[in-house]
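Novice: My structure is stored as my_file-v8.cif, with mmCIF, C-alpha atoms and all ligand atoms.
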```
data_upload
loop_
_atom_site.label_atom_id
_atom_site.label_comp_id
_atom_site.auth_asym_id
_atom_site.auth_seq_id
_atom_site.Cartn_x
_atom_site.Cartn_y
_atom_site.Cartn_z
CA MET A 1 29.58 -17.59 50.45
CA GLN A 2 28.37 -14.03 50.45
CA LYS A 3 31.11 -11.71 49.35
CA CYS A 4 29.77 -8.23 50.10
CA GLN A 5 29.95 -7.85 53.85
CA LYS A 6 28.93 -4.24 53.88
CA VAL A 7 25.63 -4.00 52.11
CA GLY A 8 23.84 -0.68 52.26
CA LEU A 9 20.25 -0.62 53.47
CA ASP A 10 19.10 0.49 50.02
CA SER A 11 21.07 -2.08 48.04
CA PRO A 12 18.98 -4.86 46.48
CA TYR A 13 21.90 -7.19 47.36
CA ARG A 14 20.78 -6.87 50.95
CA LEU A 15 18.43 -9.77 50.16
CA LEU A 16 21.50 -11.96 49.54
CA TYR A 17 23.20 -10.74 52.69
CA CYS A 18 20.15 -11.34 54.91
CA SER A 19 19.63 -14.77 53.36
CA SER A 20 23.17 -15.86 54.13
CA LYS A 21 22.83 -14.64 57.73
CA GLY A 22 19.50 -16.36 58.41
CA ASP A 23 17.82 -12.98 58.98
CA LYS A 24 14.19 -13.88 58.23
CA ALA A 25 12.76 -10.45 59.05
CA GLY A 26 15.38 -8.86 56.79
CA VAL A 27 14.55 -11.23 53.91
CA MET A 28 10.82 -10.57 54.31
CA HIS A 29 11.46 -6.84 54.35
CA GLU A 30 13.51 -6.97 51.13
CA LEU A 31 10.93 -9.12 49.32
CA GLU A 32 8.10 -6.85 50.45
CA LYS A 33 10.08 -3.90 49.09
CA GLY A 34 9.89 -5.60 45.69
CA VAL A 35 13.34 -7.15 45.40
CA LYS A 36 13.03 -10.20 43.13
CA PRO A 37 13.58 -13.59 44.88
CA ASN A 38 15.82 -14.73 42.02
CA LEU A 39 18.19 -11.78 42.20
CA ALA A 40 21.77 -13.04 41.73
CA ASP A 41 25.26 -11.66 42.35
CA TYR A 42 28.01 -11.53 39.70
CA ASP A 43 28.71 -15.24 40.23
CA LYS A 44 25.03 -15.89 39.52
CA ARG A 45 24.54 -16.95 43.17
CA THR A 46 21.01 -16.39 44.39
CA ALA A 47 19.59 -15.92 47.89
CA LEU A 48 18.50 -19.56 47.74
CA HIS A 49 22.09 -20.70 47.04
CA LEU A 50 23.34 -18.75 50.03
CA ALA A 51 20.62 -19.86 52.44
CA SER A 52 21.13 -23.47 51.31
CA CYS A 53 24.86 -23.47 51.88
CA GLU A 54 24.57 -21.67 55.23
CA GLY A 55 21.91 -24.11 56.49
CA CYS A 56 19.19 -21.46 56.93
CA THR A 57 16.16 -23.78 56.63
CA GLU A 58 13.49 -21.17 57.34
CA ILE A 59 14.92 -18.83 54.73
CA VAL A 60 14.98 -21.64 52.15
CA ASP A 61 11.30 -22.33 52.85
CA LEU A 62 10.42 -18.67 52.66
CA LEU A 63 12.30 -18.04 49.39
CA LEU A 64 10.74 -21.08 47.70
CA HIS A 65 7.33 -19.97 48.87
CA LYS A 66 7.99 -16.55 47.34
CA GLY A 67 8.87 -18.07 43.96
CA ALA A 68 12.64 -18.58 44.10
CA ASP A 69 13.83 -20.90 41.31
CA VAL A 70 14.80 -24.19 43.00
CA ASN A 71 17.23 -25.03 40.19
CA SER A 72 18.96 -21.72 39.51
CA THR A 73 22.56 -22.46 38.55
CA ASP A 74 25.52 -20.35 39.52
CA ARG A 75 28.65 -19.66 37.45
CA TRP A 76 29.97 -23.14 38.24
CA GLY A 77 26.72 -24.93 37.35
CA ARG A 78 25.82 -25.52 41.00
CA THR A 79 22.22 -25.45 42.20
CA PRO A 80 21.02 -24.74 45.77
CA LEU A 81 20.78 -28.54 46.22
CA SER A 82 24.47 -28.93 45.24
CA ASP A 83 25.30 -26.47 48.04
CA ALA A 84 23.01 -28.03 50.63
CA ARG A 85 24.53 -31.46 49.91
CA SER A 86 28.12 -30.16 50.07
CA PHE A 87 27.47 -28.84 53.58
CA SER A 88 25.33 -31.84 54.64
CA HIS A 89 22.23 -29.79 55.42
CA GLU A 90 19.91 -32.80 55.22
CA ALA A 91 16.66 -31.00 56.10
CA ILE A 92 17.30 -28.43 53.35
CA CYS A 93 18.16 -31.20 50.86
CA LYS A 94 14.78 -32.79 51.54
CA ILE A 95 12.91 -29.50 51.06
CA LEU A 96 14.72 -28.77 47.79
CA GLU A 97 14.27 -32.32 46.46
CA ALA A 98 10.56 -32.25 47.28
CA ARG A 99 10.31 -29.10 45.16
CA GLY A 100 12.03 -30.80 42.22
CA GLY A 101 15.57 -29.71 43.08
CA ILE A 102 18.40 -31.43 41.22
CA ASP A 103 22.14 -31.52 41.73
CA PRO A 104 23.77 -31.52 38.28
CA VAL A 105 27.32 -31.60 39.63
CA GLY A 106 26.87 -34.20 42.36
CA LEU A 107 24.71 -37.27 42.95
CA ASP A 108 22.40 -36.53 40.04
CA SER A 109 25.19 -36.17 37.49
CA GLN A 110 25.08 -39.04 35.08
CA LEU A 111 25.55 -40.14 31.53
CA PRO A 112 23.75 -38.05 28.95
CA CYS A 113 20.65 -39.50 27.34
CA TYR A 114 21.10 -42.17 24.69
CA GLU A 115 20.63 -40.33 21.41
CA ILE A 116 18.97 -41.61 18.25
CA GLU A 117 19.51 -39.95 14.87
CA HIS A 118 16.25 -38.25 13.88
CA THR A 119 16.59 -39.71 10.39
CA GLU A 120 16.00 -43.17 11.89
CA VAL A 121 12.38 -42.23 12.61
CA ASN A 122 10.04 -40.92 9.96
CA MET A 123 7.76 -38.59 11.91
CA ASP A 124 5.77 -37.83 8.73
CA GLU A 125 4.43 -41.39 8.81
CA ALA A 126 3.67 -41.33 12.54
CA THR A 127 0.18 -42.23 13.82
CA LEU A 128 -1.21 -40.08 16.64
CA ILE A 129 -2.18 -42.30 19.60
CA GLY A 130 -2.69 -39.90 22.47
CA GLU A 131 -2.20 -36.46 23.92
CA GLY A 132 -0.94 -35.51 27.37
CA SER A 133 0.06 -32.37 29.20
CA TYR A 134 3.54 -32.33 27.67
CA GLY A 135 2.59 -33.00 24.07
CA GLU A 136 1.40 -35.67 21.66
CA ILE A 137 2.23 -39.38 21.53
CA TYR A 138 2.76 -41.11 18.20
CA LEU A 139 3.18 -44.69 17.10
CA VAL A 140 6.31 -44.86 14.92
CA LYS A 141 8.66 -47.47 13.49
CA TRP A 142 12.24 -47.53 14.73
CA ARG A 143 14.66 -50.18 13.45
CA GLY A 144 11.73 -52.31 12.33
CA THR A 145 9.93 -52.17 15.68
CA GLU A 146 6.79 -50.26 16.67
CA VAL A 147 7.65 -47.78 19.43
CA ALA A 148 5.97 -44.75 21.02
CA ALA A 149 7.36 -41.27 20.26
CA LYS A 150 6.57 -38.61 22.84
CA THR A 151 6.80 -35.09 21.51
CA ILE A 152 7.25 -32.28 23.98
CA ARG A 153 5.45 -29.03 23.28
CA SER A 154 7.81 -26.31 22.05
CA SER A 155 6.43 -23.93 24.72
CA ILE A 156 8.02 -26.29 27.27
CA ALA A 157 11.06 -27.52 25.36
CA SER A 158 12.18 -24.04 24.31
CA ASN A 159 12.87 -23.06 27.93
CA PRO A 160 16.54 -24.08 28.42
CA THR A 161 16.18 -24.73 32.18
CA VAL A 162 13.12 -26.89 31.68
CA LYS A 163 14.78 -28.73 28.79
CA THR A 164 17.84 -29.46 30.95
CA ILE A 165 15.67 -30.85 33.75
CA PHE A 166 13.68 -32.89 31.25
CA LEU A 167 16.85 -34.44 29.82
CA LYS A 168 18.08 -35.20 33.37
CA GLU A 169 14.84 -37.02 34.13
CA LEU A 170 15.14 -38.98 30.90
CA ALA A 171 18.78 -39.84 31.67
CA LEU A 172 17.60 -41.29 34.97
CA TRP A 173 14.75 -43.16 33.28
CA GLN A 174 17.12 -44.78 30.74
CA LYS A 175 18.98 -46.54 33.56
CA LEU A 176 15.84 -48.24 34.86
CA ARG A 177 14.92 -51.79 33.92
CA HIS A 178 11.95 -53.62 35.37
CA PRO A 179 9.11 -55.71 33.89
CA ASN A 180 6.56 -53.24 35.33
CA ILE A 181 8.29 -50.06 34.18
CA VAL A 182 7.88 -48.73 30.62
CA GLN A 183 11.26 -48.98 28.88
CA PHE A 184 12.87 -45.74 27.76
CA LEU A 185 14.72 -46.08 24.42
CA GLY A 186 16.36 -42.76 23.65
CA VAL A 187 15.97 -39.15 22.64
CA LEU A 188 15.95 -38.00 19.01
CA ARG A 189 19.02 -36.03 17.97
CA HIS A 190 19.32 -33.14 15.57
CA THR A 191 15.78 -31.99 15.66
CA ASP A 192 14.53 -28.63 16.86
CA ARG A 193 11.81 -30.46 18.80
CA LEU A 194 12.25 -32.55 21.92
CA ILE A 195 11.11 -36.09 21.10
CA PHE A 196 11.90 -39.31 22.96
CA LEU A 197 11.09 -42.95 22.31
CA THR A 198 9.74 -45.55 24.71
CA GLU A 199 8.42 -49.06 24.18
CA TYR A 200 4.91 -49.13 22.70
CA LEU A 201 2.14 -50.71 24.77
CA CYS A 202 -0.64 -51.71 22.43
CA ASN A 203 -3.49 -51.93 24.98
CA GLY A 204 -3.23 -48.27 26.01
CA SER A 205 -3.65 -46.98 29.55
CA LEU A 206 -5.52 -48.31 32.56
CA HIS A 207 -7.79 -45.30 32.12
CA ASP A 208 -8.66 -46.55 28.61
CA ILE A 209 -9.18 -50.12 29.92
CA LEU A 210 -11.60 -48.98 32.64
CA LYS A 211 -13.48 -46.89 30.10
CA ARG A 212 -13.79 -49.94 27.85
CA LYS A 213 -14.51 -52.60 30.46
CA GLY A 214 -15.94 -50.83 33.50
CA ARG A 215 -15.65 -52.69 36.83
CA LEU A 216 -12.94 -55.32 37.12
CA ASP A 217 -13.25 -58.54 39.13
CA LEU A 218 -11.22 -59.19 42.28
CA GLN A 219 -8.71 -61.48 40.58
CA THR A 220 -7.96 -58.94 37.84
CA VAL A 221 -7.76 -56.02 40.29
CA VAL A 222 -5.31 -57.86 42.54
CA SER A 223 -3.17 -58.92 39.60
CA TYR A 224 -3.13 -55.35 38.17
CA ALA A 225 -2.47 -53.88 41.64
CA LEU A 226 0.50 -56.24 42.04
CA ASP A 227 1.92 -55.12 38.67
CA ILE A 228 1.70 -51.45 39.68
CA ALA A 229 3.04 -52.09 43.20
CA ARG A 230 6.03 -54.06 41.86
CA GLY A 231 6.95 -51.31 39.38
CA MET A 232 6.53 -48.66 42.06
CA ASN A 233 8.49 -50.65 44.63
CA TYR A 234 11.39 -50.77 42.17
CA LEU A 235 11.27 -46.97 41.84
CA HIS A 236 11.00 -46.38 45.59
CA GLN A 237 13.93 -48.70 46.28
CA HIS A 238 16.14 -46.97 43.73
CA LYS A 239 19.65 -46.14 45.06
CA PRO A 240 21.14 -43.75 46.10
CA ARG A 241 17.74 -42.12 46.45
CA PRO A 242 14.17 -43.25 45.86
CA ILE A 243 12.37 -42.12 42.73
CA ILE A 244 9.01 -40.59 43.60
CA HIS A 245 6.50 -40.79 40.76
CA ARG A 246 4.50 -37.72 41.89
CA ASP A 247 1.76 -38.27 39.31
CA LEU A 248 0.63 -41.88 39.58
CA THR A 249 -2.74 -42.03 37.80
CA PRO A 250 -4.56 -44.60 35.61
CA ARG A 251 -3.34 -42.63 32.57
CA ASN A 252 0.26 -43.27 33.58
CA VAL A 253 -0.19 -47.03 33.81
CA LEU A 254 -0.06 -48.80 30.43
CA GLN A 255 -0.83 -52.38 29.41
CA ASP A 256 1.26 -54.57 27.10
CA GLU A 257 0.12 -57.27 24.71
CA ALA A 258 0.42 -59.96 27.40
CA GLY A 259 -1.90 -57.98 29.72
CA ARG A 260 0.86 -56.85 32.07
CA LEU A 261 0.69 -53.31 33.48
CA LYS A 262 3.68 -50.97 33.41
CA VAL A 263 4.21 -47.61 35.06
CA THR A 264 5.34 -44.65 32.96
CA ASP A 265 6.17 -40.93 33.16
CA PHE A 266 7.63 -40.95 36.66
CA GLY A 267 9.42 -37.86 37.81
CA LEU A 268 8.25 -35.85 34.82
CA SER A 269 5.78 -33.95 36.98
CA LYS A 270 8.81 -32.26 38.54
CA ILE A 271 8.88 -30.34 35.29
CA ALA A 272 5.31 -29.22 35.85
CA GLN A 273 6.37 -27.84 39.21
CA GLN A 274 9.32 -26.14 37.61
CA ASN A 275 7.00 -24.56 35.10
CA ASP A 276 4.69 -23.30 37.81
CA VAL A 277 7.63 -21.58 39.46
CA SER A 278 8.83 -19.89 36.30
CA GLY A 279 5.37 -18.73 35.36
CA TYR A 280 4.36 -21.35 32.79
CA LYS A 281 0.95 -22.89 33.05
CA MET A 282 0.66 -26.59 32.35
CA THR A 283 -2.61 -28.07 31.20
CA GLY A 284 -3.96 -31.37 32.47
CA ARG A 285 -2.93 -30.86 36.08
CA THR A 286 -6.56 -31.04 37.12
CA GLY A 287 -6.62 -34.72 36.20
CA SER A 288 -3.99 -35.39 38.83
CA TYR A 289 -5.97 -33.69 41.61
CA ARG A 290 -8.09 -36.83 41.84
CA TYR A 291 -5.09 -38.86 42.96
CA MET A 292 -3.21 -36.17 44.88
CA ALA A 293 -2.06 -36.87 48.43
CA PRO A 294 -3.28 -34.32 51.00
CA GLU A 295 0.25 -33.19 51.86
CA VAL A 296 0.97 -32.37 48.20
CA TYR A 297 -2.27 -30.39 47.93
CA ARG A 298 -1.35 -28.50 51.10
CA ARG A 299 2.09 -27.84 49.59
CA GLU A 300 3.88 -29.46 52.51
CA SER A 301 7.10 -31.43 52.19
CA TYR A 302 6.46 -35.01 51.16
CA GLY A 303 8.07 -38.38 50.48
CA THR A 304 7.47 -41.67 48.69
CA SER A 305 4.17 -42.24 50.52
CA ILE A 306 2.39 -39.74 48.23
CA ASP A 307 2.53 -42.48 45.59
CA ILE A 308 0.94 -44.97 48.04
CA PHE A 309 -2.00 -42.59 48.42
CA SER A 310 -2.47 -42.34 44.63
CA PHE A 311 -2.11 -46.12 44.34
CA ALA A 312 -5.02 -46.65 46.77
CA LEU A 313 -7.27 -44.43 44.66
CA ILE A 314 -6.34 -46.34 41.51
CA VAL A 315 -7.16 -49.68 43.17
CA HIS A 316 -10.44 -48.21 44.42
CA GLU A 317 -11.25 -47.08 40.90
CA MET A 318 -10.60 -50.53 39.40
CA PHE A 319 -13.34 -52.05 41.59
CA LEU A 320 -15.71 -49.21 40.73
CA GLY A 321 -14.97 -49.09 36.99
CA GLY A 322 -14.04 -45.41 37.02
CA PRO A 323 -13.38 -42.53 39.38
CA PRO A 324 -15.93 -41.81 42.12
CA ASN A 325 -17.66 -38.36 42.08
CA LEU A 326 -16.99 -37.98 38.35
CA ALA A 327 -19.16 -34.87 38.17
CA GLU A 328 -17.36 -33.11 41.03
CA ASP A 329 -14.57 -30.64 40.38
CA PRO A 330 -11.26 -32.57 40.91
CA GLU A 331 -9.67 -29.66 42.75
CA LYS A 332 -12.58 -29.57 45.18
CA ILE A 333 -12.17 -33.31 45.77
CA ALA A 334 -8.47 -32.82 46.57
CA ASP A 335 -9.37 -29.93 48.88
CA LYS A 336 -11.85 -32.02 50.83
CA ARG A 337 -9.38 -34.88 51.10
CA ALA A 338 -6.72 -32.53 52.42
CA TYR A 339 -8.81 -30.50 54.84
CA GLU A 340 -11.87 -32.62 55.73
CA ASP A 341 -10.26 -36.08 55.59
CA SER A 342 -12.88 -37.12 53.02
CA ARG A 343 -12.29 -40.44 51.20
CA PRO A 344 -14.28 -42.40 48.59
CA PRO A 345 -16.90 -44.86 49.90
CA LEU A 346 -15.91 -48.49 50.48
CA PHE A 347 -19.16 -50.41 49.85
CA SER A 348 -18.94 -53.86 51.44
CA TYR A 349 -20.62 -55.48 48.41
CA LEU A 350 -17.81 -54.21 46.13
CA TYR A 351 -14.74 -54.23 48.35
CA PRO A 352 -13.79 -57.43 50.23
CA GLU A 353 -12.68 -56.88 53.83
CA PRO A 354 -8.87 -57.28 53.32
CA ILE A 355 -9.02 -54.78 50.44
CA ARG A 356 -10.97 -52.28 52.56
CA THR A 357 -8.34 -52.54 55.30
CA LEU A 358 -5.50 -52.14 52.80
CA LEU A 359 -7.05 -49.09 51.11
CA LYS A 360 -7.70 -47.37 54.46
CA GLU A 361 -4.06 -47.86 55.41
CA CYS A 362 -2.81 -46.62 52.04
CA TRP A 363 -4.87 -43.41 52.01
CA HIS A 364 -4.25 -42.65 55.69
CA GLN A 365 -4.10 -38.90 56.40
CA ASN A 366 -0.78 -39.36 58.18
CA PRO A 367 1.87 -40.28 55.54
CA ASP A 368 3.91 -42.16 58.18
CA CYS A 369 0.99 -44.55 58.77
CA ARG A 370 0.83 -45.64 55.12
CA PRO A 371 2.51 -48.98 54.26
CA THR A 372 5.42 -49.25 51.82
CA PHE A 373 5.00 -50.91 48.43
CA GLU A 374 7.05 -53.82 49.73
CA GLU A 375 4.44 -54.37 52.47
CA ILE A 376 1.58 -53.85 50.01
CA ILE A 377 3.00 -56.54 47.71
CA LEU A 378 3.04 -59.05 50.59
CA GLN A 379 -0.55 -58.20 51.52
CA LEU A 380 -1.73 -58.48 47.91
CA GLU A 381 0.06 -61.81 47.45
CA THR A 382 -1.75 -63.19 50.53
CA ILE A 383 -5.10 -61.93 49.20
CA GLN A 384 -4.33 -63.52 45.82
CA GLU A 385 -3.34 -66.84 47.41
CA ASN A 386 -6.48 -66.96 49.60
CA PHE A 387 -8.63 -66.18 46.60
CA GLN A 388 -7.01 -68.94 44.52
CA ASN A 389 -7.38 -71.45 47.40
CA LYS A 390 -11.08 -70.58 47.73
CA LYS A 391 -11.53 -71.00 43.99
CA ARG A 392 -9.78 -74.37 44.05
CA MET A 393 -11.97 -75.46 46.98
CA GLY A 394 -15.05 -74.33 45.07
CA THR A 395 -14.03 -76.34 41.98
CA CYS A 396 -13.29 -79.38 44.13
CA ILE A 397 -16.69 -79.20 45.92
CA SER A 398 -18.62 -78.82 42.66
CA ALA A 399 -16.60 -81.71 41.07
CA CYS A 400 -17.43 -83.93 44.10
CA ALA A 401 -21.11 -82.95 43.86
CA ILE A 402 -21.24 -83.93 40.17
CA SER A 403 -19.45 -87.32 40.61
N1 LIG B 501 4.25 -45.95 25.40
C1 LIG B 501 2.97 -45.88 25.03
N2 LIG B 501 2.39 -46.87 24.35
C2 LIG B 501 1.08 -46.80 23.97
N3 LIG B 501 0.27 -45.76 24.25
C3 LIG B 501 0.78 -44.74 24.95
C4 LIG B 501 2.15 -44.73 25.37
N4 LIG B 501 2.38 -43.59 26.06
C5 LIG B 501 1.21 -42.93 26.06
N5 LIG B 501 0.25 -43.60 25.41
C6 LIG B 501 -1.16 -43.19 25.18
O1 LIG B 501 -1.21 -41.79 25.05
C7 LIG B 501 -2.02 -41.22 26.09
C8 LIG B 501 -1.42 -39.92 26.55
O2 LIG B 501 -0.20 -40.19 27.19
P1 LIG B 501 0.64 -39.14 28.04
O3 LIG B 501 1.55 -39.92 28.92
O4 LIG B 501 1.28 -38.13 27.19
O5 LIG B 501 -0.42 -38.30 28.76
P2 LIG B 501 -1.26 -38.57 30.05
O6 LIG B 501 -0.56 -39.60 30.89
O7 LIG B 501 -2.65 -38.86 29.60
O8 LIG B 501 -1.23 -37.19 30.76
P3 LIG B 501 0.02 -36.50 31.48
O9 LIG B 501 0.93 -36.06 30.40
O10 LIG B 501 -0.60 -35.37 32.21
O11 LIG B 501 0.66 -37.52 32.40
C9 LIG B 501 -2.07 -42.28 27.20
O12 LIG B 501 -3.23 -42.16 27.98
C10 LIG B 501 -2.03 -43.58 26.38
O13 LIG B 501 -3.32 -43.91 25.93
#
```
What do you get writing this file as structure tokens?
Specialist:
Amino acid sequence: MQKCQKVGLDSPYRLLYCSSKGDKAGVMHELEKGVKPNLADYDKRTALHLASCEGCTEIVDLLLHKGADVNSTDRWGRTPLSDARSFSHEAICKILEARGGIDPVGLDSQLPCYEIEHTEVNMDEATLIGEGSYGEIYLVKWRGTEVAAKTIRSSIASNPTVKTIFLKELALWQKLRHPNIVQFLGVLRHTDRLIFLTEYLCNGSLHDILKRKGRLDLQTVVSYALDIARGMNYLHQHKPRPIIHRDLTPRNVLQDEAGRLKVTDFGLSKIAQQNDVSGYKMTGRTGSYRYMAPEVYRRESYGTSIDIFSFALIVHEMFLGGPPNLAEDPEKIADKRAYEDSRPPLFSYLYPEPIRTLLKECWHQNPDCRPTFEEIILQLETIQENFQNKKRMGTCISACAIS
């Protein structure tokens, strides 16, 4: 709670006072005067902490919009989300979570990441297999097994706040186990770099597959879509709270030796948001614009259904063999989707009727009208069954014709 009751008109701490009292005009006035949104008192409590614990939703929105750090920690290690949860301000919790807010002392507190001695992996013998926005990916040997080592750029890992959030995300990832989720193995210890290991998927990403093969047939698309939907359904049904991927793209879907698809890198885009707030610029974000839900582009609050929107675009792309409007600027595409309700074409010769209906539901402008992954799985299973029945019938008819 705010301690200084009498705050002079000229004191910069007036921002804290106004925030705790829900005085929006006062907060605006202070920010316009040039008071920094992350100003903190001697307990390292910021305006966002105070507004969150007092339930001042509008002030929380305003401060975040003006660049307040969603995960600033006070002297006791509490974030604004810790405060909002303590006082059961549900609406504020949702806003903070949507902006990547974490609660290190409450629901999000968990076991630290499983650590692997850096001497167990010889990075000098690593083979480069890819590069993403966070750093490079190498194929390495760990305990006799080929695994993927993800290195995080030092420009990201050297920021202590970002590093803490990264390790939190990894600690959450290590608890997940599902056949359609890439398995996290551990983080390397005693190295000045941030490197973590995951299982290695030898066929690369869905993006690579589409580049190699082009258009996929209905049976393959439905089987791949089911793999992705099952992995995503597991994340969305995570307890106590769903895990939102936030960056579901063909690059974040990998294929194993048996041909099964697995989802990777969920939640890590929170770090990209964190970086935006603290002034870092991530590369590669443009790639994600192609799959971005309208509400994310418009910077509105959002939920699990943003992943359903991205999923629909991935399924669309599998039938087409690559993204539509490849030459168009991805940000422009996202803009048109958000403000003009534009969607990719659904040619009847490429997209069977039940798929067209499913895609239209999944990329609906209104997030509440989109189905859940559980519902999508049921629809895809029906499509798969009908397709297999038709195929069986076809085989039977041609066998009868021959005999
Ligand atoms: N576990 C893995 N096994 C095999 N290949 C991988 C693995 N992880 C990543 N890759 C390869 O490395 C590439 C880059 O991966 P990474 O996840 O860093 O970046 P990205 O998904 O392309 O972009 P972003 O970081 O913006 O999500 C992938 O497209 C894939 O080809």
Novice: Using only C-alpha atoms and all ligand atoms, pick whichever of A:Tyr234, A:Tyr291, A:Tyr224, A:Tyr134 has the shortest atom-to-atom distance to ligand LIG 501 (chain B).
Specialist: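 The shortest atom-to-atom distance to ligand LIG 501 (chain B) comes from A:Tyr134.
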Novice: Ser154 of chain A: which residues within 8 Å, counting all atoms listed in the file, same-chain residues fewer than 2 positions away excluded, as a list in words?
Specialist: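 Residues meeting the cut-off are Ile152, Ile156, Ala157, Ser158, Arg193 and Leu194 of chain A.
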Novice: Expressed in Å to a single decimal, how great is the separation between atom CA of Phe166 of chain A and atom C9 of ligand LIG 501 (chain B)?
Specialist: 18.8 Å
Novice: Enumerate as a PyMOL selection string the residues within 7 Å of ligand LIG 501 (chain B), counting all atoms listed in the file.
Specialist: chain A and resi 129-137+148+150+182+198-205+207-208+251-252+254+265+284-285
Novice: List every protein, DNA or RNA residue that has an atom no more than 10 Å from (9.0, -16.0, 47.9) in the file's coordinate frame, counting all atoms listed in the file, and report them as a ChimeraX atom specification.
Specialist: /A:27-28,31-32,36-38,59-69
Novice: So the first atom is atom CA of Tyr42 of chain A and the second is atom CA of Thr73 of chain A; what is the distance between them in Å, to one decimal place?
Specialist: 12.3 Å
Novice: Of the residues A:Ile333, A:Ile181, A:Leu326, A:Val222, which is the one nearest to Leu358 of chain A, using all atoms listed in the file?
Specialist: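 Ranking A:Ile333, A:Ile181, A:Leu326, A:Val222 by distance to Leu358 of chain A, first place goes to A:Val222.
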Novice: I'd like the contact shell of Pro323 of chain A - 10 Å cut-off, all atoms listed in the file, skipping same-chain residues fewer than 4 positions apart - returned as number ranges by chain.
Specialist: A: 207, 210, 250, 290-291, 313-314, 316-319, 327, 344
